[in-house]
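Dropping data.pdb in here (PDB, C-alpha atoms and all ligand atoms):
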```
ATOM      1  CA  MET A 973      -7.808  14.563  12.249
ATOM      2  CA  LYS A 974      -8.622  11.712  14.608
ATOM      3  CA  LEU A 975      -8.758   9.204  11.764
ATOM      4  CA  HIS A 976      -5.563  10.664  10.404
ATOM      5  CA  HIS A 977      -3.892  10.040  13.759
ATOM      6  CA  ASP A 978      -5.421   6.673  14.607
ATOM      7  CA  LYS A 979      -5.213   5.078  11.187
ATOM      8  CA  HIS A 980      -2.424   6.637   9.164
ATOM      9  CA  HIS A 981       0.015   7.319  11.970
ATOM     10  CA  LYS A 982      -0.538   3.828  13.366
ATOM     11  CA  ALA A 983       0.191   2.418   9.889
ATOM     12  CA  TYR A 984       3.581   4.210   9.739
ATOM     13  CA  THR A 985       4.394   3.063  13.262
ATOM     14  CA  ASP A 986       3.371  -0.538  12.591
ATOM     15  CA  ASN A 987       5.148  -0.617   9.223
ATOM     16  CA  LEU A 988       8.270   0.887  10.748
ATOM     17  CA  ASN A 989       8.352  -1.747  13.485
ATOM     18  CA  LYS A 990       7.772  -4.477  10.904
ATOM     19  CA  ALA A 991      10.533  -3.126   8.618
ATOM     20  CA  ILE A 992      12.987  -3.055  11.549
ATOM     21  CA  LYS A 993      12.100  -6.657  12.402
ATOM     22  CA  ASP A 994      12.369  -7.799   8.764
ATOM     23  CA  LEU A 995      15.662  -5.977   8.337
ATOM     24  CA  LYS A 996      17.117  -7.674  11.399
ATOM     25  CA  ALA A 997      16.011 -11.058  10.035
ATOM     26  CA  ALA A 998      17.474 -10.274   6.586
ATOM     27  CA  LEU A 999      20.779  -9.192   8.164
ATOM     28  CA  ASP A1000      20.876 -12.344  10.270
ATOM     29  CA  LYS A1001      20.418 -14.394   7.093
ATOM     30  CA  ASN A1002      22.950 -12.290   5.160
ATOM     31  CA  ASP A1003      20.245 -11.695   2.572
ATOM     32  CA  ALA A1004      21.683  -8.673   0.717
ATOM     33  CA  LYS A1005      18.780  -8.384  -1.727
ATOM     34  CA  ALA A1006      16.190  -8.324   1.066
ATOM     35  CA  VAL A1007      18.245  -5.714   2.966
ATOM     36  CA  LYS A1008      18.443  -3.525  -0.148
ATOM     37  CA  ASP A1009      14.684  -3.807  -0.727
ATOM     38  CA  LEU A1010      13.904  -3.033   2.914
ATOM     39  CA  LEU A1011      15.967   0.149   3.250
ATOM     40  CA  PRO A1012      13.585   2.418   1.291
ATOM     41  CA  VAL A1013      10.630   0.918   3.180
ATOM     42  CA  LEU A1014      12.397   1.675   6.427
ATOM     43  CA  ASP A1015      13.236   5.245   5.348
ATOM     44  CA  PHE A1016       9.703   5.991   4.206
ATOM     45  CA  ASN A1017       8.040   4.714   7.357
ATOM     46  CA  LYS A1018      10.647   6.244   9.617
ATOM     47  CA  GLY A1019      10.001   9.606   7.932
ATOM     48  CA  GLY A1020       6.249   9.121   8.257
ATOM     49  CA  TYR A1021       6.646   8.260  11.911
ATOM     50  CA  VAL A1022       8.859  11.217  12.922
ATOM     51  CA  ASN A1023       7.008  13.762  10.769
ATOM     52  CA  HIS A1024       3.639  12.824  12.234
ATOM     53  CA  LYS A1025       4.994  12.646  15.764
ATOM     54  CA  MET A1026       5.994  16.322  15.398
ATOM     55  CA  PHE A1027       2.793  17.240  13.545
ATOM     56  CA  TRP A1028       0.474  16.261  16.428
ATOM     57  CA  LYS A1029       2.465  18.514  18.749
ATOM     58  CA  PHE A1030       2.074  21.422  16.318
ATOM     59  CA  LEU A1031      -1.697  21.312  16.753
ATOM     60  CA  GLN A1032      -3.895  22.090  19.737
ATOM     61  CA  PRO A1033      -7.592  22.570  20.444
ATOM     62  CA  ARG A1034      -8.853  26.167  20.372
ATOM     63  CA  PRO A1035      -9.391  28.103  23.621
ATOM     64  CA  GLY A1036     -13.183  27.575  23.598
ATOM     65  CA  ARG A1037     -14.172  24.070  24.644
ATOM     66  CA  ASP A1038     -14.591  21.843  21.580
ATOM     67  CA  LYS A1039     -17.131  19.055  20.976
ATOM     68  CA  GLU A1040     -15.145  16.559  23.016
ATOM     69  CA  GLY A1041     -14.541  19.016  25.856
ATOM     70  CA  TYR A1042     -10.936  19.836  24.978
ATOM     71  CA  ARG A1043      -9.602  23.317  25.443
ATOM     72  CA  GLY A1044      -6.172  24.589  24.466
ATOM     73  CA  GLN A1045      -4.225  27.512  23.112
ATOM     74  CA  GLY A1046      -4.716  26.533  19.461
ATOM     75  CA  GLY A1047      -4.434  29.462  17.075
ATOM     76  CA  VAL A1048      -3.462  31.941  19.810
ATOM     77  CA  VAL A1049      -0.581  33.962  18.360
ATOM     78  CA  PRO A1050       1.979  35.118  20.972
ATOM     79  CA  ASP A1051       2.259  38.878  21.509
ATOM     80  CA  ASP A1052       4.957  41.173  20.133
ATOM     81  CA  LYS A1053       7.292  40.473  23.051
ATOM     82  CA  SER A1054       7.829  36.977  21.617
ATOM     83  CA  PRO A1055      11.211  36.656  19.846
ATOM     84  CA  LEU A1056       9.571  34.305  17.347
ATOM     85  CA  ILE A1057       6.915  36.873  16.430
ATOM     86  CA  GLN A1058       9.575  39.577  16.181
ATOM     87  CA  ALA A1059      11.549  37.373  13.769
ATOM     88  CA  ILE A1060       8.439  36.622  11.719
ATOM     89  CA  LYS A1061       7.553  40.324  11.471
ATOM     90  CA  LYS A1062      11.103  41.237  10.541
ATOM     91  CA  GLN A1063      11.137  38.719   7.726
ATOM     92  CA  PHE A1064       7.551  38.570   6.521
ATOM     93  CA  GLU A1065       6.206  41.989   7.660
ATOM     94  CA  SER A1066       3.273  40.540   9.598
ATOM     95  CA  VAL A1067       2.043  37.237  10.996
ATOM     96  CA  GLN A1068      -0.794  37.259   8.460
ATOM     97  CA  LYS A1069       1.643  37.759   5.565
ATOM     98  CA  PHE A1070       3.757  34.914   6.904
ATOM     99  CA  MET A1071       0.727  32.601   7.071
ATOM    100  CA  ASP A1072      -0.334  33.625   3.546
ATOM    101  CA  LYS A1073       3.160  32.906   2.226
ATOM    102  CA  PHE A1074       3.263  29.549   4.003
ATOM    103  CA  ASN A1075      -0.138  28.580   2.559
ATOM    104  CA  GLU A1076       0.937  29.700  -0.898
ATOM    105  CA  ILE A1077       4.059  27.525  -0.800
ATOM    106  CA  ALA A1078       2.147  24.592   0.719
ATOM    107  CA  GLY A1079      -0.470  24.916  -2.013
ATOM    108  CA  LYS A1080       2.163  24.459  -4.687
ATOM    109  CA  ILE A1081       3.225  21.006  -3.452
ATOM    110  CA  GLN A1082       2.600  18.557  -6.250
ATOM    111  CA  GLY A1083       1.430  15.181  -5.013
ATOM    112  CA  SER A1084       2.359  14.235  -1.463
ATOM    113  CA  GLY A1085       4.613  16.142   0.862
ATOM    114  CA  TRP A1086       5.037  18.505   3.795
ATOM    115  CA  CYS A1087       5.439  22.253   4.171
ATOM    116  CA  TRP A1088       7.715  23.470   6.971
ATOM    117  CA  LEU A1089       8.718  26.588   8.842
ATOM    118  CA  VAL A1090      12.388  26.121   9.666
ATOM    119  CA  TYR A1091      15.245  27.992  11.264
ATOM    120  CA  ASP A1092      18.272  28.174   9.003
ATOM    121  CA  THR A1093      21.208  27.843  11.416
ATOM    122  CA  LYS A1094      23.697  29.105   8.795
ATOM    123  CA  LYS A1095      21.790  32.231   7.756
ATOM    124  CA  LYS A1096      20.278  32.678  11.233
ATOM    125  CA  ALA A1097      16.925  33.297   9.629
ATOM    126  CA  LEU A1098      13.521  31.741   9.182
ATOM    127  CA  ALA A1099      12.604  29.945   5.977
ATOM    128  CA  ILE A1100       9.673  28.048   4.483
ATOM    129  CA  VAL A1101      10.625  24.824   2.725
ATOM    130  CA  THR A1102       8.822  21.762   1.404
ATOM    131  CA  THR A1103       9.796  18.095   1.330
ATOM    132  CA  LYS A1104       8.287  15.361  -0.779
ATOM    133  CA  ASP A1105       6.543  12.235   0.427
ATOM    134  CA  GLN A1106       7.709  11.542   3.983
ATOM    135  CA  ASP A1107      11.241  12.935   3.706
ATOM    136  CA  PRO A1108      12.157  14.558   7.031
ATOM    137  CA  VAL A1109      13.563  18.101   6.715
ATOM    138  CA  TRP A1110      17.017  17.266   8.090
ATOM    139  CA  THR A1111      17.626  14.587   5.448
ATOM    140  CA  VAL A1112      17.231  17.231   2.713
ATOM    141  CA  TYR A1113      18.244  20.499   4.405
ATOM    142  CA  CYS A1114      20.904  19.629   6.947
ATOM    143  CA  ASP A1115      21.280  23.187   8.359
ATOM    144  CA  MET A1116      17.580  23.616   9.013
ATOM    145  CA  ARG A1117      15.794  23.026  12.275
ATOM    146  CA  VAL A1118      12.086  22.279  12.178
ATOM    147  CA  LEU A1119       9.844  24.789  13.935
ATOM    148  CA  PHE A1120       6.491  23.861  12.435
ATOM    149  CA  GLY A1121       5.107  21.750   9.621
ATOM    150  CA  VAL A1122       1.893  20.811   7.884
ATOM    151  CA  ASP A1123       1.034  17.474   6.347
ATOM    152  CA  ALA A1124       0.063  18.193   2.738
ATOM    153  CA  TRP A1125      -0.807  14.610   1.891
ATOM    154  CA  GLU A1126      -4.297  14.165   0.562
ATOM    155  CA  HIS A1127      -5.171  11.842   3.452
ATOM    156  CA  ALA A1128      -4.662  14.813   5.815
ATOM    157  CA  TYR A1129      -7.620  16.774   4.462
ATOM    158  CA  TYR A1130      -9.830  14.812   2.051
ATOM    159  CA  LEU A1131     -12.364  13.683   4.672
ATOM    160  CA  GLN A1132     -13.166  17.184   5.933
ATOM    161  CA  TYR A1133     -12.169  19.413   3.066
ATOM    162  CA  LYS A1134     -12.508  17.181  -0.014
ATOM    163  CA  SER A1135     -10.447  18.894  -2.694
ATOM    164  CA  ALA A1136     -10.370  22.288  -0.936
ATOM    165  CA  LYS A1137      -6.717  22.045  -0.012
ATOM    166  CA  ALA A1138      -6.438  25.825   0.474
ATOM    167  CA  ASP A1139      -9.243  25.761   3.088
ATOM    168  CA  TYR A1140      -7.408  23.032   4.972
ATOM    169  CA  PHE A1141      -4.173  25.053   5.095
ATOM    170  CA  LYS A1142      -6.107  28.092   6.324
ATOM    171  CA  ALA A1143      -7.878  26.025   8.994
ATOM    172  CA  VAL A1144      -4.617  24.631  10.358
ATOM    173  CA  TRP A1145      -3.733  28.133  11.624
ATOM    174  CA  THR A1146      -6.836  28.115  13.844
ATOM    175  CA  VAL A1147      -5.444  25.129  15.778
ATOM    176  CA  THR A1148      -1.733  25.879  15.550
ATOM    177  CA  ASN A1149       0.224  25.392  18.771
ATOM    178  CA  TRP A1150       2.310  28.580  18.728
ATOM    179  CA  GLN A1151       3.835  27.757  22.113
ATOM    180  CA  GLU A1152       5.465  24.713  20.539
ATOM    181  CA  ILE A1153       6.837  26.811  17.639
ATOM    182  CA  GLN A1154       8.111  29.394  20.118
ATOM    183  CA  ARG A1155       9.834  26.697  22.204
ATOM    184  CA  ARG A1156      11.475  25.189  19.124
ATOM    185  CA  TYR A1157      12.547  28.628  17.888
ATOM    186  CA  ASP A1158      14.140  29.471  21.252
ATOM    187  CA  ASP A1159      16.007  26.131  21.258
ATOM    188  CA  ALA A1160      17.158  26.556  17.661
ATOM    189  CA  VAL A1161      18.413  30.126  18.166
ATOM    190  CA  ALA A1162      20.222  29.153  21.378
ATOM    191  CA  GLY A1163      21.744  26.140  19.582
ATOM    192  CA  ARG A1164      20.255  23.692  22.072
ATOM    193  CA  LYS A1165      20.362  20.210  20.616
ATOM    194  CA  TRP A1166      17.350  18.010  20.267
ATOM    195  CA  MET A1167      17.264  14.275  20.484
ATOM    196  CA  GLY A1168      17.100  12.565  17.103
ATOM    197  CA  LYS A1169      18.059  15.709  15.161
ATOM    198  CA  GLY A1170      14.582  16.984  14.408
ATOM    199  CA  ASP A1171      12.507  16.337  17.443
ATOM    200  CA  LYS A1172      12.837  16.682  21.133
ATOM    201  CA  LYS A1173      11.639  13.764  23.237
TER
HETATM  202 MN   MN3 A1201      -0.319  12.157   7.290
END
```
Written as structure tokens, that's how I'd like the structure from this file.
Ligand code: MN3
Amino acid sequence: MKLHHDKHHKAYTDNLNKAIKDLKAALDKNDAKAVKDLLPVLDFNKGGYVNHKMFWKFLQPRPGRDKEGYRGQGGVVPDDKSPLIQAIKKQFESVQKFMDKFNEIAGKIQGSGWCWLVYDTKKKALAIVTTKDQDPVWTVYCDMRVLFGVDAWEHAYYLQYKSAKADYFKAVWTVTNWQEIQRRYDDAVAGRKWMGKGDKK
């Protein structure tokens, strides 16, 4: 996870900054071809940047102190008083069944992509959706607000889990930051806007 953050996330950030700089230069020079070539690069790295920025907030150390001395609320599911948990139970029967369904859908992603728990603002319901590569949810599903998501790129799990993708998805739930999902759910249901569509600063 640390390598994932330090190396891959830094690459998206650096590449995004470079693409913005190059695009500005190409626009200054009126170089239409360069602008056209840079737009997908910009999109990809922008998606990688925002998706990962959310992803780190979705994870937290477990309550017991870990190797590096961190302690958090990772994996601690809120109690039944939580409106989020009530919504999950209403729709998926139990938290476990929800997690199983999420892992099942995530496991079906072919190649690179992300699996997301979202709030459908039209249907006023939860949903599990996937996006490919680094596409952010709101560029594909404009009525959906992101509550939680898991990086299903191979670089997210190969170091620790090799090809055991299913084990990685299961392990994510042991460090999931449910408080963050709850906060996002409350904001989405109340219709409170976030900065930059998908993420709150
Ligand atoms: Mn990644």
Name every residue that the PyMOL selection byres (((chain A and resi 985) around 12) and not hetatm) selects in this structure, writing the answer as number ranges by chain with chains first and numbers rising. A: 977-984, 986-992, 1014, 1016-1025
If the PyMOL selection byres (((not hetatm)) within 6 of (chain A and resi 1201)) were run on this exact file, what residues would it hold? Put them as JSON, numbers by chain. {"A": [1123, 1125, 1128]}
Looking at all atoms listed in the file, which of A:Val1109, A:Val1118, A:Ile1060, A:Ala1138 is the one that sits closest to Ala1078 of chain A? A:Ala1138
Taking all atoms listed in the file into account, produce a table as JSON lines in which each residue of segment 974-1078 of chain A with an atom at most 10 Å from an atom of segment 1091-1099 of chain A appears once, together with its shortest atom pair and the distance in Å to one decimal, ordered by chain and rising number.
```
{"residue": "A:Leu1056", "atom": "CA", "partner": "A:Leu1098", "partner_atom": "CA", "distance": 9.4}
{"residue": "A:Ala1059", "atom": "CA", "partner": "A:Leu1098", "partner_atom": "CA", "distance": 7.5}
{"residue": "A:Ile1060", "atom": "CA", "partner": "A:Leu1098", "partner_atom": "CA", "distance": 7.5}
{"residue": "A:Lys1062", "atom": "CA", "partner": "A:Ala1097", "partner_atom": "CA", "distance": 9.9}
{"residue": "A:Gln1063", "atom": "CA", "partner": "A:Leu1098", "partner_atom": "CA", "distance": 7.5}
{"residue": "A:Phe1064", "atom": "CA", "partner": "A:Leu1098", "partner_atom": "CA", "distance": 9.5}
{"residue": "A:Phe1074", "atom": "CA", "partner": "A:Ala1099", "partner_atom": "CA", "distance": 9.6}
```
Taking the file as shown, find all residues satisfying the PyMOL selection byres (((chain A and resi 1080) around 12) and not hetatm) and write them as a VMD selection string. chain A and resid 1073 to 1079 1081 to 1087 1101 to 1104 1124 1137 to 1138 1141
Using all atoms listed in the file, the residue out of A:Lys1008, A:Lys1001, A:Lys1029, A:Lys974 with shortest distance to Val1147 of chain A is A:Lys1029
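Closest approach to Phe1120 of chain A among A:Arg1043, A:Lys1165, A:Arg1155, A:Lys1053 is made by A:Arg1155 (distances from all atoms listed in the file).
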Pairwise distance for atom CA of Trp1110 of chain A and atom CA of Trp1088 of chain A, rounded to one decimal in Å: 11.2 Å
A:Gln1151, A:Pro1050, A:Val1090, A:Tyr1130: which is nearest Arg1117 of chain A, counting only C-alpha atoms?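 Ranked by minimum distance to Arg1117 of chain A, first place goes to A:Val1090.
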Nearby residues (only C-alpha atoms) at most 10 Å from Asp1139 of chain A, same-chain spacing under 5 positions excluded, as a VMD selection string: chain A and resid 1075 1129 1132 to 1134 1144
Between atom CA of Val1067 of chain A and atom CA of Arg1164 of chain A, distance in Å (one decimal):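 Atom-to-atom, atom CA of Val1067 of chain A to atom CA of Arg1164 of chain A, that is 25.3 Å.
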May I ask for the distance between atom CA of Tyr1140 of chain A and atom CA of Trp1028 of chain A, given in Å to one decimal place?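 Distance between the two atoms: 15.5 Å.
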List the neighbours of Thr1148 of chain A out to 6 Å using only C-alpha atoms; skip same-chain residues closer than 2 positions along the sequence, and give me the result as a PyMOL selection string. chain A and resi 1030-1031+1046-1047+1145-1146+1150
Go ahead and write the selection's residues with C-alpha atoms as a PDB file, in the coordinates of the input.
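Just written: out-v6.pdb:
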```
ATOM      1  CA  PHE A1030       2.074  21.422  16.318  1.00  0.00           C
ATOM      2  CA  LEU A1031      -1.697  21.312  16.753  1.00  0.00           C
ATOM      3  CA  GLY A1046      -4.716  26.533  19.461  1.00  0.00           C
ATOM      4  CA  GLY A1047      -4.434  29.462  17.075  1.00  0.00           C
ATOM      5  CA  TRP A1145      -3.733  28.133  11.624  1.00  0.00           C
ATOM      6  CA  THR A1146      -6.836  28.115  13.844  1.00  0.00           C
ATOM      7  CA  TRP A1150       2.310  28.580  18.728  1.00  0.00           C
TER       8      TRP A1150
END
```
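Using all atoms listed in the file, the shortest contact distance between Pro1108 of chain A and any of A:Gly1121, A:Arg1156, A:Lys996, A:Asp1009 is found at A:Gly1121.
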Enclosing box along x, y and z for every listed atom of segment 1070-1076 of chain A, padded 8 Å each side, centre and size in Å, one decimal, as lines of an AutoDock Vina configuration file:
```
center_x = 1.7
center_y = 31.7
center_z = 3.1
size_x = 20.1
size_y = 22.3
size_z = 24.0
```
Closest of A:Val1161, A:Gln1154, A:Leu1119, A:Met1071 to Asp1051 of chain A - atom-to-atom distances counting only C-alpha atoms: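 Result for the nearest residue to Asp1051 of chain A: A:Gln1154.
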